[in-house]
Amino acid sequence: MKKFITNFFILFFLSLFCYVCGVYVFGKFAPERFKHLLNLAYRPARIDYTLTRLNDLHNFENVDLLILGSSHVYRSFDPRIFQQAGYSIFDLGTTAQTPIQSNYLLQKYLSVLNPDTVVIEVYPLMFTLDGIESTTDIISNENPSGSLVALCATQNSIKAWNTLIYSVVDRIVFRNSYHDALVQKDNRYISGGYIASPLKFFNLEDKIKPKVLDLNEKQLDAFYEMVTFLKDKNIPYMLVQAPYPQSRYKSYQNVVSFNRMMHKAGSYFNFNELMKLPNRAFQDNSHLNQAGAERFNSKFIQLTMD
Amino acid sequence: MEFCNPTIFYLICLFLSSLTMLFNSIDFALFLPIVFAGYWLINNLRAQNFFILIASLFFYGWWDFRFLGLLLLSATVDFLMSKAISQTDNPKRRKLFLSVTLIVNLGILGFFKYYNFFIENFKEAYTFFGSQIDFGYLDIVLPVGISFYTFQTMSYTIDVYRRKLEASRDWVAFFSFVSFFPQLVAGPIERATNLLPQFKVKREFSYPLAVDGMRQIMWGLFKKVVIADNCAIYVNMIFENPESYSASTLLLGAVLFAFQIYGDFSGYSDIAIGTARLFGFRLMQNFAYPYFSRDIAEFWRRWHISLSTWFRDYLYIPLGGSRGTRMFAIRNIFIIFIVSGFWHGANWTFITWGALNAVFFLPLFIFNQNRKNLDQIQTRYLLPSFRDAISIMITFGFTTFAWIFFRAESLEAAITYCQLLVSPSLLSMPEISNLSGAFLCLGFICILLFAEWVGRAYQHPLEKMTFFPNRFSRWAIYCILVIIIGLFMQAKESPFIYFQF
């Protein structure tokens with residue numbers, strides 16, 4: 001028995017070491033076209049500017065609005081428009097950010113940004129996801145920390161763990177660092193977390209298949225945890241569904257019950273009902289273009305801030 | 001300290017609430033060492049059995065505590081009835097007690113598994129004749145492992161009735177035998193003559209047995225999380241929408257399913273058997289490299305051995321087996337295969353799958369060729385002979401064709417799938433999104449086949465590892481397996497296919 005336990009522990013630590021090395025080697029040297037087959041998604045400094053955003057937020061404090069949510073946040077809330085109206089905001093949205101990651105970012109950076117009000121962007125689709133994509137995005141763009149370990153544990157996903165392992169080796173062992181170019185493929189990072197892109201117009205031809213939103217219990221738990229946390233801290237918050245094409249909004253068959261749930265959770269502004277923007281306000285089948293963002297921001301300021 | 005942060009505490013609570021007790025899950029990885037340590041710290045046999053019983057009930061209750069009662073009911077009925085059988089020589093009374101066991105166990109199984117199926121078909125038959133009938137469906141949750149433990153307890157009572165076994169007087173040993181967690185939810189369906197005596201003898205820790213158990217667990221994990229779960233992605237894609245794919249893609253889907261179900265089920269069995277070895281128990285082999293079979297009869301001697309031998313001993317032989325006239329024997333063969341199909345689930349697809357296998361088996365039986373290949377294939381040579389290779393491929397073709405019916409959602413879907421296979425596009429390159437992933441699956445399947453071919457003389461390929469005589473090389477293999485499992489397993493845990501049975 002002693003021999004078994006001794007050998008087991010030796011083998012355990014040996015295989016752990018080999019595993020860490022294996023994750024790094026495969027992640028580093030696998031051909032690009034096969035990397036997606038690995039349980040690893042280490043992608044720092046990408047076109048969505050998560051890295052720059054997480055660095056930029058340290059240049060802000062005591063903002064009027066801290067906005068959390070998906071890519072709708074950094075494509076819809078333009079800090080320059082809010083600044084002209086006399087308000088400071090910070091877009092802490094990231095690609096496919098779900099409530100689990102929103103909760104993590106809120107708790108980690110609330111004291112840094114010290115906002116007057118927190119805006120939680122509630123895009124219904126994000127409540128149906130497992131959140132692994134967003135977790136790996138955050139892991140790729142933050143320095144490893146205990147809170148990232150806890151985030152990985154919440155996801156309970158080997159992909160998140162492998163990405164964290166890669167990040168630890170990459171950033172701590174090999175001390176690699178990254179930075180975004182501020183202009184990537186016509187997308188320009190605007191201080192405050194926004195991404196400006198050339199004016200494009202979306203022309204929806206295809207019908208979107210009707211879909212019933214199957215809400216993920218863990219995402220709902222994380223969402224209510226956020227709301228409770230803000231209430232306990234007496235921090236005003238609002239829930240905002242930013243605009244996206246009406247065809248997509250109407251394809252969600254149970255969006256009415258989702259809206260009802262949001263109304264019960266706090267001050268809720270559904271701009272897909274309040275505005276009903278035409279397709280030419282969007283650059284693709286999900287995100288506002290600059291013209292649409294300007295219209296949305298004006299309406300938002302008028303309804304919620306003034 | 002950062003870990004005292006409420007955020008981290010909340011995130012950890014969220015993590016704990018998401019745990020399930022799958023063999024390929026983190027919580028089983030936590031459960032097993034705790035039970036292992038506790039078990040071997042206990043020196044007393046009865047206390048050890050009691051510990052295993054509590055751990056097994058905890059394991060089962062973690063799935064769904066509501067069905068612990070059913071498990072205990074089945075075990076209690078069989079324990080009491082077997083005692084009653086052994087205490088009387090009156091044939092009528094013995095038969096009565098046996099009947100009680102069969103009625104209770106088959107009744108439980110029939111209700112939870114087949115109630116809605118019978119109602120639906122009864123309604124369809126009734127309306128076929130122009131009448132209307134209104135029987136409500138019930139929202140029945142199938143208890144995990146019910147098909148396995150009911151069969152296991154029935155086999156015990158039947159063996160007592162047949163005087164092959166003494167009725168157990170030790171309820172702790174008996175309940176531990178019934179609920180033994182490694183094999184409780186998806187087999188192997190253990191015979192009391194094999195497993196129950198092991199609960200009555202003090203187990204001594206055996207280093208070689210424990211090491212072999214760990215190797216078998218690792219091999220089982222590889223088959224389940226690398227082979228089966230990755231194949232499942234493409235199988236689900238193709239079977240959900242077969243009209244969208246070429247015949248070659250449909251063929252790829254059928255082949256991948258053949259390996260998905262093999263990897264999934266034999267992987268589970270390997271983990272179960274390996275886990276049992278850690279506790280000093282030897283379970284029966286459940287899969288003996290079935291895809292190296294040279295004919296269908298050999299396939300059924302190598303696939304899900306615990307179930308096929310159960311049906312042979314408790315249904316086929318009592319029905320008369322192959323004694324009597326040819327037609328009588330053929331009837332029995334069809335009954336066995338169809339019942340075996342029906343055991344898998346309440347759907348005509350499973351019954352058709354069973355019937356198809358009976359049809360494939362029949363010519364071998366009629367021409368007395370069904371007991372031709374009883375040995376392990378070509379153990380003295382590195383490669384199969386040309387004739388054996390052709391036989392293996394033909395047998396694999398037949399079983400894969402039958403698997404289409406097993407996997408399809410309905411008979412119509414299965415027939416459509418088969419019809420779409422017959423097309424000139426069978427010769428084209430498969431077209432599926434992420435084709436490189438599908439080819440990676442095939443690559444892993446090649447590794448599986450190579451390893452199993454080399455290790456076919458043993459219970460599992462890692463049993464002897466004769467190619468790797470020194471510890472360094474063996475440990476290197478283990479590390480490589482761990483890396484492959486970690487990098488290529490699916491991000492989400494997926495349950496084992498046979499849990500639904």
# chains A, B, ... in the order shown; residues from 1 in each chain; ligands from 1
$ interface_residues --of "chain A" --to "chain B" --cutoff "8 Å" --atoms "only C-alpha atoms" --output "PyMOL selection string"
chain A and resi 1+3-4+11+14-15+18-19+22-23+34+37-40+104+107+146-147+150-151+153-159+162+218
$ atom_distance --atom1 "atom CA of A:Trp161" --atom2 "atom CA of B:Ile447"
25.9 Å
$ atom_distance --atom1 "atom CA of A:Ile47" --atom2 "atom CA of A:Ala196"
11.6 Å
$ atom_distance --atom1 "atom CA of B:Gly213" --atom2 "atom CA of B:Ser293"
25.6 Å
$ select_by_dssp --residues "stretch 177-302 of chain A" --states "helix (DSSP H, G or I)" --output "JSON, numbers by chain"
{"A": [217, 218, 219, 220, 221, 222, 223, 224, 225, 226, 227, 228, 229, 230, 231, 232, 246, 247, 248, 249, 250, 251, 255, 256, 257, 258, 259, 260, 261, 262, 263, 264, 265, 271, 272, 273, 274, 279, 280, 281, 290, 291, 292, 293, 294, 295, 296, 297, 298, 299, 300, 301, 302]}
$ write_last_selection --atoms "C-alpha atoms" --output "CSV table (one decimal), in the first residue's frame"
chain,number,residue,atom,x,y,z
A,217,GLU,CA,-29.2,28.2,-14.4
A,218,LYS,CA,-25.7,29.1,-13.5
A,219,GLN,CA,-26.0,32.3,-15.5
A,220,LEU,CA,-29.2,33.2,-13.8
A,221,ASP,CA,-27.5,32.6,-10.4
A,222,ALA,CA,-24.6,34.8,-11.3
A,223,PHE,CA,-27.0,37.5,-12.5
A,224,TYR,CA,-29.0,37.6,-9.3
A,225,GLU,CA,-25.8,37.5,-7.3
A,226,MET,CA,-24.7,40.7,-9.1
A,227,VAL,CA,-28.0,42.4,-8.4
A,228,THR,CA,-27.9,41.4,-4.8
A,229,PHE,CA,-24.3,42.5,-4.5
A,230,LEU,CA,-25.2,45.9,-5.9
A,231,LYS,CA,-28.2,46.3,-3.6
A,232,ASP,CA,-26.2,45.3,-0.6
A,246,GLN,CA,-35.6,43.5,-34.8
A,247,SER,CA,-35.7,40.3,-36.8
A,248,ARG,CA,-33.3,38.7,-34.2
A,249,TYR,CA,-35.3,40.2,-31.3
A,250,LYS,CA,-38.5,38.8,-32.6
A,251,SER,CA,-37.0,35.4,-33.2
A,255,VAL,CA,-38.4,37.0,-24.9
A,256,VAL,CA,-41.6,38.3,-23.2
A,257,SER,CA,-41.0,36.1,-20.1
A,258,PHE,CA,-37.3,37.2,-20.2
A,259,ASN,CA,-38.3,40.8,-20.2
A,260,ARG,CA,-40.7,40.2,-17.3
A,261,MET,CA,-37.9,38.6,-15.3
A,262,MET,CA,-35.7,41.6,-15.9
A,263,HIS,CA,-38.4,44.1,-14.9
A,264,LYS,CA,-38.7,42.2,-11.6
A,265,ALA,CA,-34.9,42.4,-11.1
A,271,PHE,CA,-34.3,49.5,-26.2
A,272,ASN,CA,-35.5,46.9,-28.6
A,273,GLU,CA,-39.0,48.0,-27.5
A,274,LEU,CA,-38.2,51.6,-26.8
A,279,ASN,CA,-31.5,47.5,-40.2
A,280,ARG,CA,-29.4,50.5,-41.5
A,281,ALA,CA,-28.6,51.3,-37.9
A,290,GLN,CA,-21.7,54.4,-35.5
A,291,ALA,CA,-24.8,56.1,-36.7
A,292,GLY,CA,-27.0,53.6,-34.7
A,293,ALA,CA,-24.8,54.0,-31.6
A,294,GLU,CA,-25.2,57.8,-31.7
A,295,ARG,CA,-29.0,57.5,-31.9
A,296,PHE,CA,-29.1,54.9,-29.2
A,297,ASN,CA,-26.8,56.9,-26.9
A,298,SER,CA,-28.8,60.1,-27.3
A,299,LYS,CA,-32.0,58.2,-26.4
A,300,PHE,CA,-30.3,56.4,-23.5
A,301,ILE,CA,-29.0,59.7,-22.0
A,302,GLN,CA,-32.4,61.3,-22.5
$ residues_around --residues "B:Cys231" --least-positions-apart "3" --cutoff "8 Å" --atoms "only C-alpha atoms" --output "list in words"
Ile227, Ala228, Tyr234, Val235, Leu256, Phe257, Phe259, Gln260, Ala438 and Cys441 of chain B
$ write_last_selection --atoms "C-alpha atoms" --output "compact mmCIF listing (two decimals), in the first residue's frame"
# COMPACT_ATOMS: atom_id res chain seq x y z
CA ILE B 227 -12.87 8.66 -28.61
CA ALA B 228 -16.55 8.54 -27.67
CA TYR B 234 -20.13 14.57 -35.58
CA VAL B 235 -22.55 11.69 -35.01
CA LEU B 256 -18.10 7.11 -35.89
CA PHE B 257 -21.18 5.98 -34.00
CA PHE B 259 -16.81 3.72 -32.16
CA GLN B 260 -18.71 6.22 -30.07
CA ALA B 438 -13.63 14.26 -37.78
CA CYS B 441 -11.37 11.28 -34.41
$ select_by_dssp --residues "stretch 64-175 of chain A" --states "strand (DSSP E)" --output "JSON, numbers by chain"
{"A": [65, 66, 67, 68, 69, 89, 90, 91, 92, 93, 117, 118, 119, 120, 121]}
$ write_last_selection --atoms "C-alpha atoms" --output "JSON list (two decimals), in the first residue's frame"
[["chain", "number", "residue", "atom", "x", "y", "z"],
["A", 65, "LEU", "CA", -21.48, 54.75, -15.48],
["A", 66, "LEU", "CA", -19.76, 51.39, -15.44],
["A", 67, "ILE", "CA", -21.25, 49.22, -18.19],
["A", 68, "LEU", "CA", -20.90, 45.45, -18.16],
["A", 69, "GLY", "CA", -22.02, 42.98, -20.78],
["A", 89, "ILE", "CA", -18.51, 56.09, -18.70],
["A", 90, "PHE", "CA", -16.43, 52.96, -18.98],
["A", 91, "ASP", "CA", -17.36, 50.04, -21.24],
["A", 92, "LEU", "CA", -16.28, 46.89, -19.48],
["A", 93, "GLY", "CA", -17.96, 44.67, -22.02],
["A", 117, "THR", "CA", -24.26, 53.73, -11.40],
["A", 118, "VAL", "CA", -23.70, 50.29, -12.84],
["A", 119, "VAL", "CA", -25.33, 49.34, -16.12],
["A", 120, "ILE", "CA", -25.76, 45.62, -16.76],
["A", 121, "GLU", "CA", -26.37, 44.94, -20.42]]
$ residues_around --residues "B:Lys164" --least-positions-apart "5" --cutoff "12 Å" --atoms "only C-alpha atoms" --output "tab-separated table (two decimals) with N, CA and C atoms, in the first residue's frame"
chain	number	residue	atom	x	y	z
B	86	SER	N	-34.34	-20.72	0.08
B	86	SER	CA	-33.34	-21.66	0.60
B	86	SER	C	-33.84	-22.39	1.85
B	155	SER	N	-30.75	-12.33	-11.03
B	155	SER	CA	-29.85	-13.46	-11.31
B	155	SER	C	-29.43	-14.14	-10.00
B	156	TYR	N	-29.28	-13.35	-8.95
B	156	TYR	CA	-28.94	-13.92	-7.64
B	156	TYR	C	-30.05	-14.87	-7.16
B	157	THR	N	-31.27	-14.38	-7.21
B	157	THR	CA	-32.38	-15.19	-6.71
B	157	THR	C	-32.58	-16.43	-7.56
B	158	ILE	N	-32.44	-16.28	-8.86
B	158	ILE	CA	-32.59	-17.44	-9.76
B	158	ILE	C	-31.51	-18.47	-9.46
B	159	ASP	N	-30.29	-18.01	-9.21
B	159	ASP	CA	-29.20	-18.95	-8.90
B	159	ASP	C	-29.45	-19.66	-7.57
B	191	ARG	N	-22.57	-11.58	-11.73
B	191	ARG	CA	-23.22	-12.76	-11.18
B	191	ARG	C	-22.85	-12.86	-9.70
B	192	ALA	N	-23.84	-13.25	-8.94
B	192	ALA	CA	-23.60	-13.41	-7.51
B	192	ALA	C	-22.53	-14.48	-7.25
B	193	THR	N	-22.48	-15.49	-8.12
B	193	THR	CA	-21.48	-16.55	-7.94
B	193	THR	C	-20.06	-16.02	-8.08
B	194	ASN	N	-19.92	-14.89	-8.78
B	194	ASN	CA	-18.59	-14.30	-8.93
B	194	ASN	C	-18.32	-13.24	-7.87
$ residues_around --residues "B:Met327" --least-positions-apart "6" --cutoff "12 Å" --atoms "only C-alpha atoms" --output "list in words"
Gly320, Gly321, Ile333, Phe334, Leu362, Phe365 and Ile366 of chain B
$ write_last_selection --atoms "C-alpha atoms" --output "PDB file, in the first residue's frame"
ATOM      1  CA  GLY B 320     -35.008 -24.632 -24.527  1.00  0.00           C
ATOM      2  CA  GLY B 321     -31.962 -23.111 -26.156  1.00  0.00           C
ATOM      3  CA  ILE B 333     -32.730 -16.963 -31.037  1.00  0.00           C
ATOM      4  CA  PHE B 334     -35.146 -14.308 -32.243  1.00  0.00           C
ATOM      5  CA  LEU B 362     -29.280 -16.932 -38.290  1.00  0.00           C
ATOM      6  CA  PHE B 365     -26.686 -20.979 -36.770  1.00  0.00           C
ATOM      7  CA  ILE B 366     -28.419 -22.788 -39.590  1.00  0.00           C
TER       8      ILE B 366
END
$ closest_residue --among "B:Met154, B:Ile54, B:Leu142, B:Leu209" --to "B:Leu102" --atoms "only C-alpha atoms"
B:Met154
$ residues_around --residues "B:Ser340" --least-positions-apart "5" --cutoff "8 Å" --atoms "only C-alpha atoms" --output "MDAnalysis selection string"
chainID B and resid 308 311 351 354
$ closest_residue --among "A:Leu129, A:Ile81, A:Val122, A:Ile172" --to "A:Ser145" --atoms "only C-alpha atoms"
A:Ile172
